[in-house]
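File shown: query03.cif. Contents: mmCIF, C-alpha atoms.
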```cif
data_run
#
loop_
_atom_site.label_atom_id
_atom_site.label_comp_id
_atom_site.auth_asym_id
_atom_site.auth_seq_id
_atom_site.Cartn_x
_atom_site.Cartn_y
_atom_site.Cartn_z
CA MET K 899 121.11 122.43 84.47
CA SER K 900 124.42 120.67 85.12
CA THR K 901 126.01 121.17 88.53
CA ASN K 902 129.30 119.67 87.40
CA SER K 903 132.35 121.23 89.03
CA PRO K 904 136.03 120.46 88.51
CA ALA K 905 135.97 118.50 91.77
CA TYR K 906 133.72 115.76 90.31
CA GLU K 907 133.73 113.75 87.09
CA TYR K 908 129.93 113.52 86.99
CA ASP K 909 126.92 115.36 88.29
CA LEU K 910 125.23 112.04 89.07
CA VAL K 911 126.27 108.45 89.51
CA VAL K 912 123.42 105.93 89.57
CA ILE K 913 124.07 102.55 91.15
CA GLY K 914 121.58 100.14 89.58
CA GLY K 915 119.93 100.00 86.17
CA GLY K 916 116.42 98.96 87.14
CA SER K 917 113.27 101.00 86.60
CA GLY K 918 114.09 103.65 89.19
CA GLY K 919 117.77 103.97 88.31
CA LEU K 920 117.11 104.27 84.59
CA ALA K 921 114.32 106.82 85.13
CA GLY K 922 116.65 108.91 87.27
CA ALA K 923 119.49 108.70 84.75
CA PHE K 924 117.29 109.67 81.80
CA ARG K 925 115.63 112.59 83.62
CA ALA K 926 118.93 113.95 84.96
CA ALA K 927 120.49 113.75 81.49
CA SER K 928 117.50 115.57 80.01
CA HIS K 929 118.32 118.46 82.36
CA GLY K 930 121.89 118.59 81.08
CA ALA K 931 123.55 116.64 83.89
CA ARG K 932 126.54 114.40 83.22
CA VAL K 933 125.46 110.92 84.30
CA ALA K 934 127.15 107.55 84.82
CA LEU K 935 125.08 104.41 85.39
CA LEU K 936 126.48 101.27 87.02
CA GLU K 937 124.64 98.07 86.07
CA PRO K 938 126.42 94.70 85.68
CA GLY K 939 123.38 92.78 84.43
CA GLU K 940 120.44 93.28 82.12
CA PHE K 941 118.69 96.64 82.19
CA GLY K 942 115.27 96.91 83.78
CA GLY K 943 115.94 95.24 87.13
CA THR K 944 113.35 93.03 88.77
CA CYS K 945 110.38 94.49 86.89
CA VAL K 946 111.58 93.78 83.38
CA ASN K 947 113.51 90.57 83.99
CA VAL K 948 111.91 88.62 86.85
CA GLY K 949 108.90 90.67 87.87
CA CYS K 950 106.13 92.78 86.36
CA VAL K 951 106.81 92.13 82.67
CA PRO K 952 107.39 88.35 82.51
CA LYS K 953 104.78 87.89 85.26
CA LYS K 954 102.17 89.75 83.21
CA ALA K 955 103.12 87.67 80.17
CA MET K 956 102.47 84.46 82.10
CA TRP K 957 99.26 85.95 83.51
CA LEU K 958 98.08 86.68 79.99
CA ALA K 959 98.82 83.08 78.99
CA ALA K 960 96.79 81.91 81.97
CA GLU K 961 93.95 84.26 81.01
CA LEU K 962 93.93 82.82 77.48
CA ALA K 963 93.77 79.30 78.90
CA GLN K 964 90.73 80.24 80.98
CA ARG K 965 89.07 81.95 78.02
CA ILE K 966 89.62 78.93 75.80
CA ASP K 967 88.07 76.74 78.46
CA MET K 968 85.03 79.03 78.73
CA ALA K 969 84.74 79.21 74.94
CA SER K 970 84.55 75.42 74.73
CA ARG K 971 81.68 75.48 77.24
CA LEU K 972 79.87 78.07 75.16
CA GLY K 973 79.85 75.98 71.98
CA PHE K 974 83.21 76.57 70.33
CA GLY K 975 84.77 73.33 69.15
CA LEU K 976 88.08 73.66 70.99
CA PRO K 977 90.26 71.03 72.66
CA PRO K 978 91.31 71.54 76.31
CA PRO K 979 93.99 74.27 76.40
CA LYS K 980 97.57 73.08 76.84
CA LEU K 981 100.39 75.61 76.77
CA ASP K 982 103.71 74.77 75.15
CA TRP K 983 105.79 76.62 77.73
CA ARG K 984 108.99 76.58 75.69
CA GLU K 985 107.33 78.18 72.70
CA PHE K 986 105.62 80.79 74.84
CA ILE K 987 108.89 81.59 76.64
CA VAL K 988 110.47 82.36 73.27
CA HIS K 989 107.80 85.02 72.69
CA ARG K 990 108.13 86.30 76.27
CA GLN K 991 111.90 86.65 76.12
CA ARG K 992 111.79 88.20 72.65
CA TYR K 993 109.55 90.91 74.07
CA ILE K 994 111.91 91.47 77.02
CA ALA K 995 114.93 91.58 74.71
CA GLY K 996 113.22 94.40 72.85
CA ILE K 997 112.95 96.36 76.09
CA HIS K 998 116.67 95.80 76.78
CA ASP K 999 117.53 97.04 73.32
CA SER K 1000 115.34 100.10 73.75
CA TYR K 1001 117.10 101.01 77.00
CA ARG K 1002 120.54 100.66 75.39
CA LYS K 1003 119.55 102.98 72.55
CA ARG K 1004 118.03 105.53 74.93
CA LEU K 1005 121.16 105.57 77.09
CA ASP K 1006 123.30 106.21 74.03
CA THR K 1007 120.99 108.95 72.80
CA ALA K 1008 120.89 110.60 76.24
CA GLY K 1009 124.67 110.51 76.59
CA VAL K 1010 124.57 108.45 79.79
CA VAL K 1011 127.82 106.56 80.41
CA HIS K 1012 127.07 102.90 81.15
CA LEU K 1013 129.56 100.96 83.26
CA PRO K 1014 128.75 97.22 83.40
CA CYS K 1015 129.93 96.98 87.01
CA ARG K 1016 128.79 96.70 90.58
CA GLY K 1017 129.71 99.56 92.86
CA HIS K 1018 130.21 100.53 96.50
CA PHE K 1019 130.89 103.75 98.37
CA ILE K 1020 134.30 105.06 99.32
CA ASP K 1021 132.82 108.35 100.52
CA ALA K 1022 129.67 110.36 99.86
CA HIS K 1023 130.97 111.50 96.47
CA THR K 1024 133.10 108.52 95.41
CA VAL K 1025 131.98 105.14 94.12
CA GLU K 1026 134.34 102.28 93.40
CA THR K 1027 133.42 99.55 90.92
CA HIS K 1028 134.13 95.89 91.60
CA GLN K 1029 136.92 96.20 89.04
CA GLY K 1030 138.66 98.88 91.10
CA LEU K 1031 137.73 101.97 89.09
CA ARG K 1032 136.85 105.00 91.21
CA ILE K 1033 134.45 107.65 89.94
CA THR K 1034 133.23 110.82 91.62
CA ALA K 1035 129.96 112.72 91.45
CA ALA K 1036 128.15 115.62 93.07
CA HIS K 1037 125.20 113.26 93.76
CA VAL K 1038 124.82 109.49 94.00
CA LEU K 1039 121.51 107.68 93.52
CA ILE K 1040 121.14 104.23 95.09
CA ALA K 1041 118.74 102.13 93.01
CA THR K 1042 119.96 98.56 93.52
CA GLY K 1043 116.55 97.00 94.09
CA GLY K 1044 115.88 93.83 96.05
CA LYS K 1045 115.80 90.07 95.81
CA PRO K 1046 113.53 87.27 97.04
CA LYS K 1047 113.87 86.27 100.67
CA ARG K 1048 114.26 82.61 101.60
CA PRO K 1049 113.04 81.75 105.12
CA ASP K 1050 115.49 80.56 107.75
CA ILE K 1051 114.12 77.04 108.22
CA PRO K 1052 115.59 73.55 107.79
CA GLY K 1053 115.36 72.42 104.17
CA ALA K 1054 114.77 75.91 102.77
CA GLU K 1055 117.28 75.16 100.01
CA LEU K 1056 114.82 72.58 98.64
CA GLY K 1057 112.36 75.30 97.64
CA LEU K 1058 112.40 77.74 94.75
CA VAL K 1059 112.01 81.51 95.04
CA SER K 1060 109.91 83.71 92.79
CA ASP K 1061 112.84 84.45 90.43
CA ASP K 1062 113.14 80.71 89.76
CA PHE K 1063 109.55 80.58 88.50
CA PHE K 1064 110.71 82.21 85.27
CA ASN K 1065 113.14 79.35 84.64
CA LEU K 1066 110.35 76.77 84.61
CA CYS K 1067 109.76 75.14 81.22
CA ASP K 1068 106.53 73.39 82.16
CA ALA K 1069 103.87 73.49 84.85
CA PRO K 1070 104.82 71.22 87.80
CA GLU K 1071 102.06 68.75 88.59
CA ARG K 1072 101.69 69.72 92.28
CA VAL K 1073 102.97 73.04 93.67
CA ALA K 1074 103.05 74.45 97.19
CA ILE K 1075 103.43 78.22 97.42
CA ILE K 1076 104.50 79.62 100.77
CA GLY K 1077 103.07 83.08 101.43
CA GLY K 1078 99.92 85.13 100.98
CA GLY K 1079 101.08 88.37 99.37
CA TYR K 1080 101.20 89.71 95.81
CA ILE K 1081 103.69 87.18 94.51
CA ALA K 1082 102.08 84.13 96.10
CA VAL K 1083 98.60 84.98 94.82
CA GLU K 1084 99.80 85.86 91.32
CA LEU K 1085 101.99 82.79 90.83
CA GLY K 1086 99.34 80.54 92.34
CA GLY K 1087 96.69 81.72 89.91
CA VAL K 1088 98.98 81.43 86.89
CA LEU K 1089 100.19 77.93 87.70
CA GLN K 1090 96.68 76.64 88.46
CA ALA K 1091 95.34 78.02 85.17
CA LEU K 1092 98.25 76.48 83.23
CA GLY K 1093 97.78 72.97 84.59
CA SER K 1094 99.32 72.69 88.06
CA LYS K 1095 97.49 71.68 91.21
CA VAL K 1096 98.29 74.56 93.57
CA GLU K 1097 98.06 74.94 97.33
CA LEU K 1098 98.92 78.13 99.23
CA PHE K 1099 100.31 77.96 102.77
CA LEU K 1100 100.00 81.18 104.82
CA ARG K 1101 101.11 82.14 108.32
CA GLY K 1102 98.18 84.52 108.76
CA PRO K 1103 94.39 84.29 108.57
CA ARG K 1104 93.87 85.85 105.11
CA LEU K 1105 95.37 86.77 101.76
CA LEU K 1106 96.85 90.20 100.99
CA ASP K 1107 96.49 91.66 104.44
CA SER K 1108 97.01 95.28 103.32
CA PHE K 1109 93.95 95.11 101.05
CA ASP K 1110 90.31 95.45 102.09
CA HIS K 1111 89.35 92.25 103.83
CA GLU K 1112 85.93 91.99 102.20
CA LEU K 1113 87.59 91.75 98.80
CA THR K 1114 90.40 89.42 99.85
CA ASP K 1115 87.87 87.03 101.37
CA GLU K 1116 86.00 87.05 98.04
CA LEU K 1117 89.29 86.50 96.21
CA ALA K 1118 90.02 83.48 98.39
CA GLU K 1119 86.63 82.05 97.45
CA ASN K 1120 87.30 82.68 93.75
CA LEU K 1121 90.66 80.92 94.05
CA ARG K 1122 88.92 78.00 95.75
CA GLN K 1123 86.42 77.81 92.90
CA HIS K 1124 89.35 77.66 90.46
CA GLY K 1125 90.86 74.78 92.46
CA VAL K 1126 93.51 76.62 94.53
CA HIS K 1127 93.48 75.41 98.13
CA CYS K 1128 94.53 78.00 100.75
CA HIS K 1129 95.85 76.78 104.11
CA PHE K 1130 95.47 79.69 106.53
CA ALA K 1131 97.28 80.03 109.89
CA HIS K 1132 99.78 77.40 108.77
CA PRO K 1133 103.32 78.53 109.71
CA LEU K 1134 105.99 76.42 108.03
CA ALA K 1135 108.67 74.79 110.18
CA SER K 1136 110.72 72.84 107.63
CA LEU K 1137 110.93 71.20 104.21
CA GLN K 1138 111.93 67.58 103.71
CA GLN K 1139 113.02 65.68 100.61
CA ARG K 1140 111.01 62.57 99.79
CA GLY K 1141 112.35 60.99 96.63
CA GLU K 1142 111.99 63.64 93.92
CA GLN K 1143 109.31 65.47 95.90
CA ARG K 1144 109.12 67.78 98.93
CA VAL K 1145 107.03 67.53 102.08
CA LEU K 1146 106.07 70.53 104.22
CA HIS K 1147 106.14 70.28 108.00
CA ALA K 1148 104.12 72.84 109.98
CA ARG K 1149 105.06 74.06 113.45
CA ASN K 1150 102.28 71.96 114.95
CA GLY K 1151 103.93 68.84 113.51
CA GLU K 1152 101.48 68.34 110.65
CA ALA K 1153 103.02 67.01 107.43
CA SER K 1154 101.67 67.80 103.98
CA GLU K 1155 101.18 65.57 101.00
CA PRO K 1156 104.28 65.52 98.76
CA PHE K 1157 104.74 68.31 96.18
CA ASP K 1158 106.76 68.38 92.99
CA SER K 1159 107.80 71.99 93.63
CA VAL K 1160 107.72 74.41 96.53
CA ILE K 1161 107.96 78.14 95.83
CA PHE K 1162 108.76 80.65 98.56
CA ALA K 1163 106.92 83.95 98.22
CA THR K 1164 107.89 85.17 101.68
CA GLY K 1165 108.97 88.72 100.99
CA ARG K 1166 111.98 90.47 99.53
CA THR K 1167 115.20 91.82 100.95
CA PRO K 1168 117.03 94.95 99.73
CA ASN K 1169 120.32 94.81 97.84
CA SER K 1170 122.10 97.16 100.23
CA ARG K 1171 124.74 95.08 101.96
CA GLN K 1172 127.34 95.25 99.19
CA LEU K 1173 127.19 99.06 99.04
CA ARG K 1174 129.21 99.56 102.28
CA LEU K 1175 126.73 102.14 103.49
CA ASP K 1176 127.94 101.89 107.09
CA ASP K 1177 131.32 103.22 105.98
CA ILE K 1178 129.81 106.58 105.03
CA GLY K 1179 127.02 106.72 107.63
CA VAL K 1180 123.93 106.11 105.48
CA ALA K 1181 121.14 104.95 107.78
CA ILE K 1182 119.40 101.65 107.07
CA ASP K 1183 116.54 100.07 108.98
CA GLY K 1184 116.47 96.70 110.70
CA GLU K 1185 115.72 94.87 107.46
CA GLY K 1186 118.45 96.60 105.46
CA PHE K 1187 116.28 99.13 103.61
CA VAL K 1188 117.88 102.52 102.99
CA VAL K 1189 116.00 105.10 105.06
CA VAL K 1190 114.88 108.08 102.98
CA ASP K 1191 112.77 111.13 103.67
CA GLU K 1192 109.96 112.59 101.56
CA PHE K 1193 112.54 113.96 99.10
CA GLN K 1194 114.30 110.57 98.64
CA ASP K 1195 117.29 111.90 100.61
CA THR K 1196 119.27 109.56 102.87
CA SER K 1197 120.92 110.56 106.13
CA VAL K 1198 124.02 111.62 104.16
CA ALA K 1199 123.89 114.80 102.08
CA ASN K 1200 123.93 114.26 98.29
CA VAL K 1201 123.22 110.51 98.60
CA HIS K 1202 119.70 109.50 97.56
CA ALA K 1203 117.72 106.28 97.11
CA VAL K 1204 114.64 105.13 95.19
CA GLY K 1205 112.86 101.87 94.53
CA ASP K 1206 112.90 98.54 96.34
CA VAL K 1207 116.17 99.25 98.14
CA SER K 1208 114.58 102.22 99.91
CA SER K 1209 112.16 102.35 102.82
CA ARG K 1210 109.33 103.60 100.59
CA LEU K 1211 106.54 101.79 98.74
CA ALA K 1212 107.94 99.03 96.51
CA LEU K 1213 106.14 99.51 93.20
CA THR K 1214 107.75 100.08 89.81
CA PRO K 1215 105.72 103.20 88.86
CA VAL K 1216 106.51 104.65 92.29
CA ALA K 1217 110.26 104.15 91.79
CA ILE K 1218 110.08 105.79 88.36
CA ALA K 1219 108.00 108.76 89.53
CA ALA K 1220 110.13 109.30 92.65
CA ALA K 1221 113.35 109.24 90.62
CA ARG K 1222 112.03 111.73 88.07
CA ARG K 1223 110.89 114.19 90.71
CA LEU K 1224 114.20 113.86 92.53
CA MET K 1225 116.09 114.75 89.36
CA ASP K 1226 113.75 117.67 88.69
CA ARG K 1227 114.67 118.94 92.13
CA LEU K 1228 118.42 118.36 91.81
CA PHE K 1229 118.94 119.45 88.21
CA GLY K 1230 115.68 120.85 86.84
CA GLY K 1231 115.19 123.99 88.91
CA LYS K 1232 112.25 122.62 90.93
CA PRO K 1233 113.45 122.76 94.55
CA ASP K 1234 110.16 121.51 96.01
CA ALA K 1235 109.66 118.56 93.64
CA LYS K 1236 108.79 115.33 95.44
CA LEU K 1237 106.44 112.41 95.02
CA ASP K 1238 103.04 112.46 96.71
CA TYR K 1239 102.78 109.01 98.28
CA ASP K 1240 99.09 109.36 99.17
CA ASP K 1241 96.41 107.48 97.21
CA ILE K 1242 98.67 105.38 95.02
CA ALA K 1243 96.70 102.80 93.06
CA THR K 1244 97.92 99.22 92.91
CA VAL K 1245 96.76 95.96 91.35
CA VAL K 1246 97.39 92.32 92.15
CA PHE K 1247 97.25 90.25 88.97
CA ALA K 1248 95.28 87.47 90.54
CA HIS K 1249 92.55 85.51 88.77
CA PRO K 1250 90.55 87.69 88.73
CA PRO K 1251 92.66 90.83 89.33
CA LEU K 1252 92.27 92.84 92.52
CA GLY K 1253 92.92 96.59 92.62
CA MET K 1254 92.68 99.37 95.16
CA VAL K 1255 93.33 103.06 95.57
CA GLY K 1256 93.01 105.02 98.80
CA LEU K 1257 91.95 103.67 102.19
CA THR K 1258 90.50 100.33 103.16
CA GLU K 1259 87.35 100.39 105.27
CA ALA K 1260 89.37 99.53 108.38
CA GLU K 1261 91.88 102.33 107.70
CA ALA K 1262 89.11 104.85 107.09
CA ARG K 1263 87.36 103.95 110.33
CA GLU K 1264 90.61 104.21 112.27
CA ARG K 1265 91.47 107.59 110.73
CA HIS K 1266 88.03 109.25 110.62
CA GLY K 1267 85.92 107.37 113.18
CA ASP K 1268 83.07 104.93 112.60
CA ALA K 1269 80.37 107.60 112.45
CA MET K 1270 82.06 109.39 109.54
CA VAL K 1271 82.47 106.32 107.31
CA LYS K 1272 79.94 104.82 104.93
CA THR K 1273 80.60 102.00 102.48
CA TYR K 1274 78.85 100.82 99.33
CA SER K 1275 79.42 97.49 97.62
CA ALA K 1276 78.14 95.43 94.73
CA ARG K 1277 78.76 91.73 94.22
CA PHE K 1278 77.92 90.33 90.79
CA ARG K 1279 78.85 87.80 88.12
CA PRO K 1280 80.31 89.30 84.90
CA MET K 1281 78.32 88.50 81.78
CA LEU K 1282 80.85 86.12 80.22
CA HIS K 1283 81.07 84.09 83.41
CA ALA K 1284 77.31 84.04 83.74
CA LEU K 1285 76.96 82.84 80.15
CA ALA K 1286 79.52 80.08 80.75
CA ASP K 1287 77.98 79.27 84.16
CA SER K 1288 81.31 79.98 85.84
CA PRO K 1289 81.15 80.54 89.62
CA GLN K 1290 83.61 83.46 89.53
CA ARG K 1291 82.27 86.60 91.20
CA SER K 1292 83.27 90.25 91.06
CA LEU K 1293 83.08 92.69 93.96
CA VAL K 1294 83.19 96.49 93.85
CA LYS K 1295 83.43 98.58 97.02
CA LEU K 1296 83.52 102.29 97.81
CA VAL K 1297 84.66 103.78 101.11
CA CYS K 1298 83.25 107.27 101.73
CA VAL K 1299 83.80 109.83 104.48
CA GLY K 1300 81.78 112.75 105.87
CA GLU K 1301 78.44 114.34 105.02
CA GLU K 1302 79.57 115.01 101.46
CA GLU K 1303 80.58 111.33 101.16
CA ARG K 1304 84.00 112.05 99.73
CA VAL K 1305 85.34 108.84 98.21
CA VAL K 1306 88.53 107.86 100.05
CA GLY K 1307 88.79 104.25 98.89
CA ILE K 1308 87.93 102.36 95.70
CA HIS K 1309 88.33 98.59 95.70
CA LEU K 1310 87.74 96.37 92.67
CA LEU K 1311 87.86 92.60 92.32
CA GLY K 1312 87.01 91.10 88.96
CA GLU K 1313 87.70 91.00 85.25
CA GLY K 1314 89.08 94.29 83.97
CA ALA K 1315 89.75 95.67 87.46
CA ASP K 1316 93.33 96.45 86.42
CA GLU K 1317 92.17 98.63 83.52
CA ILE K 1318 89.08 100.11 85.18
CA LEU K 1319 90.92 101.36 88.25
CA GLN K 1320 93.29 103.77 86.48
CA GLY K 1321 90.62 106.31 85.57
CA PHE K 1322 88.84 106.09 88.90
CA ALA K 1323 92.19 106.59 90.66
CA VAL K 1324 92.45 110.00 88.97
CA ALA K 1325 88.94 110.85 90.17
CA LEU K 1326 89.73 109.85 93.76
CA LYS K 1327 92.94 111.88 93.70
CA LYS K 1328 90.89 114.91 92.63
CA GLY K 1329 88.44 114.55 95.52
CA ILE K 1330 85.44 112.90 93.88
CA THR K 1331 82.29 112.37 95.97
CA LYS K 1332 79.65 109.68 95.87
CA ARG K 1333 77.26 112.24 94.32
CA ASP K 1334 79.74 112.76 91.46
CA LEU K 1335 79.62 109.04 90.74
CA ASP K 1336 75.83 109.01 90.98
CA ASP K 1337 75.68 111.81 88.41
CA THR K 1338 77.89 109.91 85.95
CA MET K 1339 76.07 107.94 83.26
CA ALA K 1340 76.76 104.21 83.25
CA ILE K 1341 78.13 102.36 80.24
CA HIS K 1342 75.99 99.25 79.86
CA PRO K 1343 76.56 96.35 79.97
CA THR K 1344 80.00 96.51 81.62
CA SER K 1345 81.57 95.66 84.94
CA ALA K 1346 82.82 99.25 85.30
CA GLU K 1347 79.25 100.59 85.44
CA GLU K 1348 78.87 99.05 88.90
CA VAL K 1349 81.15 101.78 90.31
CA VAL K 1350 78.63 104.48 89.39
CA LEU K 1351 75.45 102.52 90.12
CA MET K 1352 75.89 101.56 93.78
CA ARG K 1353 73.16 102.69 96.18
#
```

So, in terms of structure tokens, how does the structure I just supplied come out?
Amino acid sequence: MSTNSPAYEYDLVVIGGGSGGLAGAFRAASHGARVALLEPGEFGGTCVNVGCVPKKAMWLAAELAQRIDMASRLGFGLPPPKLDWREFIVHRQRYIAGIHDSYRKRLDTAGVVHLPCRGHFIDAHTVETHQGLRITAAHVLIATGGKPKRPDIPGAELGLVSDDFFNLCDAPERVAIIGGGYIAVELGGVLQALGSKVELFLRGPRLLDSFDHELTDELAENLRQHGVHCHFAHPLASLQQRGEQRVLHARNGEASEPFDSVIFATGRTPNSRQLRLDDIGVAIDGEGFVVVDEFQDTSVANVHAVGDVSSRLALTPVAIAAARRLMDRLFGGKPDAKLDYDDIATVVFAHPPLGMVGLTEAEARERHGDAMVKTYSARFRPMLHALADSPQRSLVKLVCVGEEERVVGIHLLGEGADEILQGFAVALKKGITKRDLDDTMAIHPTSAEEVVLMR
């Protein structure tokens, strides 16, 4: 139901047309709210334009390259795979253009007013565009997302950031990727599969520190088998130009071999500075993220935030779900609507993919105590890789708690992990036990059957 009053032009102004902002605008409009959306660029934000969607497209290309290579080893008369990047990019961008067009049509159908502008706050109910137009609303949703962070070191301007990856028109011969998180692992696997020689340089001792360490150690070994070299505990001090190449200098003085490209995957920073949040008293944390509570409310009444600009989990489905529940609460007659942030499944599109839902073993032991925790795991080689004599391994792990062995963590590394995990995430959310898995008939021969066969 619309809350529009004569005092305000709109019920809701959304600043940012990424996944979270669009989801909020569409849901609010479906409840009858009058909505204006400020977005100066392409719709879809990071996910559609320089994140999930083009990344998955490149990952699929890399998967095809690996499959073609395995097929040739299994008797198919195929030449070594070589991707024509320019041709593939045409297909990738055509797909993304279709998403943009779909959003434009949906906004028109929903009656959402689109203003192709940036915006900042004048007060809690007034937003001014960069062109000087002021608009008022009962509620304002901040959904401006984030951008890649470049480290503060000498020569940092010589490196690319993750957004720049999508401007590449060919695989650089030698690539150094700085970082050990989602982006570093995903880009490293893609580039290696498409012809680059990739090395990862990490400050810490392992990849993907928020994931279960048993699986990330196995992932590191799989990457090594694919030719990706990981340099652990290797903090970067500077970059130096050497002809057309770049050399990395570590804090201990060690210099690397020269690389054709260096890509920083060293985190992201929120797009909050231009909003003038200090002027109206919206609290931000030390890194610039907008602080929100469990209802996506900021410290200022009627100002809300979702997505990568907020202090909550930075995942596209999370931004969408949080925005929809917020609008159900504000305009849909559901005063208690909010997102449950527990047990959210996530996948890293590595080679092979790594997925998890729930607690890691370490988290479970810290929360429940060692005596209450029992784990099960299975390490195996998927059939296709066994047939092709590929060294790639899969690893499945369950983390269980209590006498009833309630499953509190499911961790999958291997082919199909991204697809397998979705159904098991539902089961974990509903309180499945190890006995429930034991009583489920396996589908053979599959990788997924390992989840229900562990003893």

Write out as a tab-separated table (two decimals) with C-alpha atoms, in the coordinates of the input the residues lying within 12 Å of Leu1213 of chain K, counting only C-alpha atoms and excluding same-chain residues fewer than 2 positions away.
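The result, stored in selection.tsv:
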```
chain	number	residue	atom	x	y	z
K	916	GLY	CA	116.42	98.96	87.14
K	917	SER	CA	113.27	101.00	86.60
K	918	GLY	CA	114.09	103.65	89.19
K	944	THR	CA	113.35	93.03	88.77
K	945	CYS	CA	110.38	94.49	86.89
K	949	GLY	CA	108.90	90.67	87.87
K	950	CYS	CA	106.13	92.78	86.36
K	1043	GLY	CA	116.55	97.00	94.09
K	1044	GLY	CA	115.88	93.83	96.05
K	1080	TYR	CA	101.20	89.71	95.81
K	1204	VAL	CA	114.64	105.13	95.19
K	1205	GLY	CA	112.86	101.87	94.53
K	1206	ASP	CA	112.90	98.54	96.34
K	1207	VAL	CA	116.17	99.25	98.14
K	1208	SER	CA	114.58	102.22	99.91
K	1209	SER	CA	112.16	102.35	102.82
K	1210	ARG	CA	109.33	103.60	100.59
K	1211	LEU	CA	106.54	101.79	98.74
K	1215	PRO	CA	105.72	103.20	88.86
K	1216	VAL	CA	106.51	104.65	92.29
K	1217	ALA	CA	110.26	104.15	91.79
K	1218	ILE	CA	110.08	105.79	88.36
K	1219	ALA	CA	108.00	108.76	89.53
K	1220	ALA	CA	110.13	109.30	92.65
K	1239	TYR	CA	102.78	109.01	98.28
K	1242	ILE	CA	98.67	105.38	95.02
K	1243	ALA	CA	96.70	102.80	93.06
K	1244	THR	CA	97.92	99.22	92.91
K	1245	VAL	CA	96.76	95.96	91.35
K	1246	VAL	CA	97.39	92.32	92.15
```

Taking the file as I've supplied it (selection: the PyMOL selection byres ((chain K and resi 1005) around 12)), which residues are included? Please answer as an NGL selection string.
:K and (915 or 919-928 or 933-935 or 941 or 998-1004 or 1006-1013)

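For the set K:Glu1097, K:Glu1301, K:Asp1176, K:Glu940, the residue with the smallest atom-to-atom gap to Ala1074 of chain K is K:Glu1097, counting only C-alpha atoms.
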
Run the PyMOL selection byres ((chain K and resi 1275-1282) around 7) against the file shown and list the residues it catches, as a count of residues only.
16

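The interatomic distance for the pair atom CA of Val1189 of chain K and atom CA of Thr1042 of chain K works out to 13.8 Å.
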
Within 12 Å of file point (118.0, 94.1, 107.8), counting only C-alpha atoms, expressed as a list in words
Gly1044, Lys1047, Arg1166, Thr1167, Pro1168, Asn1169, Ser1170, Arg1171, Ala1181, Ile1182, Asp1183, Gly1184, Glu1185, Gly1186, Phe1187, Val1188, Val1189, Val1207, Ser1208 and Ser1209 of chain K

Pull C-alpha atoms from the residues just selected and write them as a JSON list (two decimals), in the frame of the given file.
```
[["chain", "number", "residue", "atom", "x", "y", "z"],
["K", 1044, "GLY", "CA", 115.88, 93.83, 96.05],
["K", 1047, "LYS", "CA", 113.87, 86.27, 100.67],
["K", 1166, "ARG", "CA", 111.98, 90.47, 99.53],
["K", 1167, "THR", "CA", 115.20, 91.82, 100.95],
["K", 1168, "PRO", "CA", 117.03, 94.95, 99.73],
["K", 1169, "ASN", "CA", 120.32, 94.81, 97.84],
["K", 1170, "SER", "CA", 122.10, 97.16, 100.23],
["K", 1171, "ARG", "CA", 124.74, 95.08, 101.96],
["K", 1181, "ALA", "CA", 121.14, 104.95, 107.78],
["K", 1182, "ILE", "CA", 119.40, 101.65, 107.07],
["K", 1183, "ASP", "CA", 116.54, 100.07, 108.98],
["K", 1184, "GLY", "CA", 116.47, 96.70, 110.70],
["K", 1185, "GLU", "CA", 115.72, 94.87, 107.46],
["K", 1186, "GLY", "CA", 118.45, 96.60, 105.46],
["K", 1187, "PHE", "CA", 116.28, 99.13, 103.61],
["K", 1188, "VAL", "CA", 117.88, 102.52, 102.99],
["K", 1189, "VAL", "CA", 116.00, 105.10, 105.06],
["K", 1207, "VAL", "CA", 116.17, 99.25, 98.14],
["K", 1208, "SER", "CA", 114.58, 102.22, 99.91],
["K", 1209, "SER", "CA", 112.16, 102.35, 102.82]]
```

Residues selected by the PyMOL selection byres ((chain K and resi 1115) around 12), written as a ChimeraX atom specification
/K:1103-1107,1109-1114,1116-1122,1128,1130,1252,1291-1293,1311

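Closest approach to Ala1212 of chain K from the set K:Gln1320, K:Lys953, K:Leu1031, K:Lys1045 is made by K:Lys1045, with distances taken over all atoms listed in the file.
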
Given the point (74.2, 109.4, 100.4) in the file's coordinates, find the residues that have an atom at most 9 Å from it, counting all atoms listed in the file, and give them as a list in words.
Lys1272, Glu1301, Glu1302, Glu1303, Lys1332, Arg1333 and Arg1353 of chain K

Could you tell me which of K:Met1254, K:Ala955, K:Gly1078, K:Gly942 comes closest to Ile997 of chain K if we count all atoms listed in the file?
K:Gly942

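Taking atom CA of Val1299 of chain K and atom CA of Ala1262 of chain K as the two end points, the separation is 7.7 Å.
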
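If you look at atom CA of Thr1258 of chain K and atom CA of Gly1165 of chain K, they are 21.9 Å away from each other.
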
Find the residues around segment 1054-1067 of chain K up to 6 Å (all atoms listed in the file counted), leave out those fewer than 4 positions away in its own chain, and share them as a PyMOL selection string.
chain K and resi 948+983-984+1160-1162

Which polymer residues have any atom within 9 Å of an atom of segment 958-966 of chain K, counting all atoms listed in the file, with same-chain residues fewer than 3 positions away left out, as a PyMOL selection string?
chain K and resi 953-955+969-971+974+976-981+986+1087-1092+1249

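Taking only C-alpha atoms into account, Val1190 of chain K lies nearest to K:Ile1040 out of the set K:Ala1315, K:Val1349, K:Ile1040, K:Val1096.
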
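The shortest atom-to-atom distance to Glu1261 of chain K, with only C-alpha atoms taken into account, belongs to K:Ser1108 out of K:Ser1108, K:Ser1136, K:Thr1164, K:Thr1338.
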